[in-house]
Amino acid sequence: MTKPAPHRTIPTRRISFEESLRELPRHFAGSGDQGYSAGSGDLISSHVVAALSAVFPEGEEYFVRSVRHYRDQVTDPALKRQIAGFIGQESMHGRAHRAFNNRLAELGYPTTLVDRIVRRALKLRERLLSPISNLGTTAALEHFTATLAAMVLTDEEVRNSIGHQGVRDLFTWHALEESEHKAVAFDVFRTVGGTERTRRWTMNAITAVFLIGMAFQIGLSLLLDRDTYRRGVLLQSWRTFRQSSLVRRDVWKKLRAYNRPGFHPDDFDTSELEETWRTQLFGEAGTLNDKLVTAVD
């Protein structure tokens with residue numbers, strides 16, 4: 001028998017970052033000591049952030065479709081409310097990143113091409129594979145985003161490496177909400193009969209596809225950037241990126257924890273972290289309150 005879903009706060013915050021992204025420079029990422037404050041951000045870091053953002057709009061819509069397919073099969077009132085919050089949050093993420101991606105496209109990043117490829121690939125996947133397989137993929141990818149979200153919220157170095165304040169605000173808000181709803185797709189998957197074998201096999205397959213796809217996308221993006229060919233720029237940027245928290249071994253260990261027998265996203269307790277950032281971003285003196293359009297619980 002499936003246990004009742006625990007209480008989780010998953011509000012839909014209607015928010016806009018478009019104004020703060022209007023003056024975004026081409027290479028926006030990198031902390032001040034890497035030259036960002038002088039107007040020349042880090043090459044590879046900028047393309048990595050852009051590559052992640054490029055896959056979000058279509059990815060978020062796919063997540064929503066995968067979970068919504070099973071919404072009527074869920075009887076637990078708490079989980080039903082969480083599904084509504086999940087759909088609301090993911091829908092807002094897609095809109096916010098699409099606006100960011102439009103600005104990136106203006107700067108020469110291939111975000112429009114990536115968006116089109118991701119949309120076609122996910123639609124094909126939905127036609128060829130079962131709904132439970134797509135839900136399993138959503139649960140696995142939500143573990144990826146939750147792992148990255150925890151890094152953003154806990155590691156000041158990661159936040160600083162995002163560079164531009166508007167982009168940092170976008171990713172910090174996104175990270176908070178990914179943490180808030182990190183277990184929803186997983187709980188729906190388990191509730192509607194998803195098996196441990198399917199869950200673990202799906203993660204193994206998705207890990208390979210995701211990493212290869214991101215490497216290809218970042219490589220293509222760099223090839224299209226004329227600064228890649230400036231003497232010494234790529235090598236210096238690569239040396240910096242190799243020291244990034246994103247490529248540390250503990251990140252891989254957290255991702256692979258998904259394959260443990262009996263794993264649950266709540267094995268990594270982020271409740272206090274979420275509360276801290278809810279207050280910092282949206283409390284009485286929240287730093288992102290001025291970007292809210294409306295907030296709906």
# chains A, B, ... in the order shown; residues from 1 in each chain; ligands from 1
call {"tool": "select_by_dssp", "arguments": {"residues": "segment 63-262 of chain A", "states": "alpha helix (DSSP H)", "output": "ChimeraX atom specification"}}
result
/A:63-68,77-106,111-128,131-154,156-162,165-180,184-191,196-223,233-241,249-256
call {"tool": "closest_atom_pairs", "arguments": {"of": "segment 13-93 of chain A", "to": "segment 173-190 of chain A", "cutoff": "10 Å", "atoms": "only C-alpha atoms", "output": "tab-separated table"}}
result
residue	atom	partner	partner_atom	distance
A:Arg13	CA	A:Glu177	CA	9.2
A:Ile15	CA	A:Trp173	CA	9.5
A:Phe63	CA	A:Ala185	CA	8.2
A:Val64	CA	A:Ala185	CA	9.3
A:Ser66	CA	A:Ala185	CA	8.5
A:Val67	CA	A:Ala185	CA	6.3
A:Arg68	CA	A:Val188	CA	9.8
A:Tyr70	CA	A:Val188	CA	7.5
A:Arg71	CA	A:Val188	CA	8.2
A:Gln73	CA	A:Val188	CA	9.1
A:Val74	CA	A:Val188	CA	7.4
A:Leu79	CA	A:Val184	CA	7.4
A:Lys80	CA	A:Val188	CA	9.3
A:Gln82	CA	A:Val184	CA	6.6
A:Ile83	CA	A:Val184	CA	6.6
A:Ala84	CA	A:Val184	CA	9.9
A:Gly85	CA	A:His181	CA	7.8
A:Phe86	CA	A:His181	CA	6.0
A:Ile87	CA	A:His181	CA	9.7
A:Gln89	CA	A:Glu177	CA	6.9
A:Glu90	CA	A:Glu178	CA	8.5
A:Met92	CA	A:His174	CA	9.3
A:His93	CA	A:His174	CA	6.7
call {"tool": "atom_distance", "arguments": {"atom1": "atom CA of Leu153 of chain A", "atom2": "atom CA of Thr172 of chain A"}}
result
6.8 Å
call {"tool": "select_by_dssp", "arguments": {"residues": "segment 11-106 of chain A", "states": "strand (DSSP E or B)", "output": "list in words"}}
result
Thr12, Arg13, Arg14 and Ile15 of chain A
call {"tool": "closest_residue", "arguments": {"among": "A:Pro25, A:Lys254, A:Ser45, A:Ala140", "to": "Arg239 of chain A", "atoms": "only C-alpha atoms"}}
result
A:Ser45
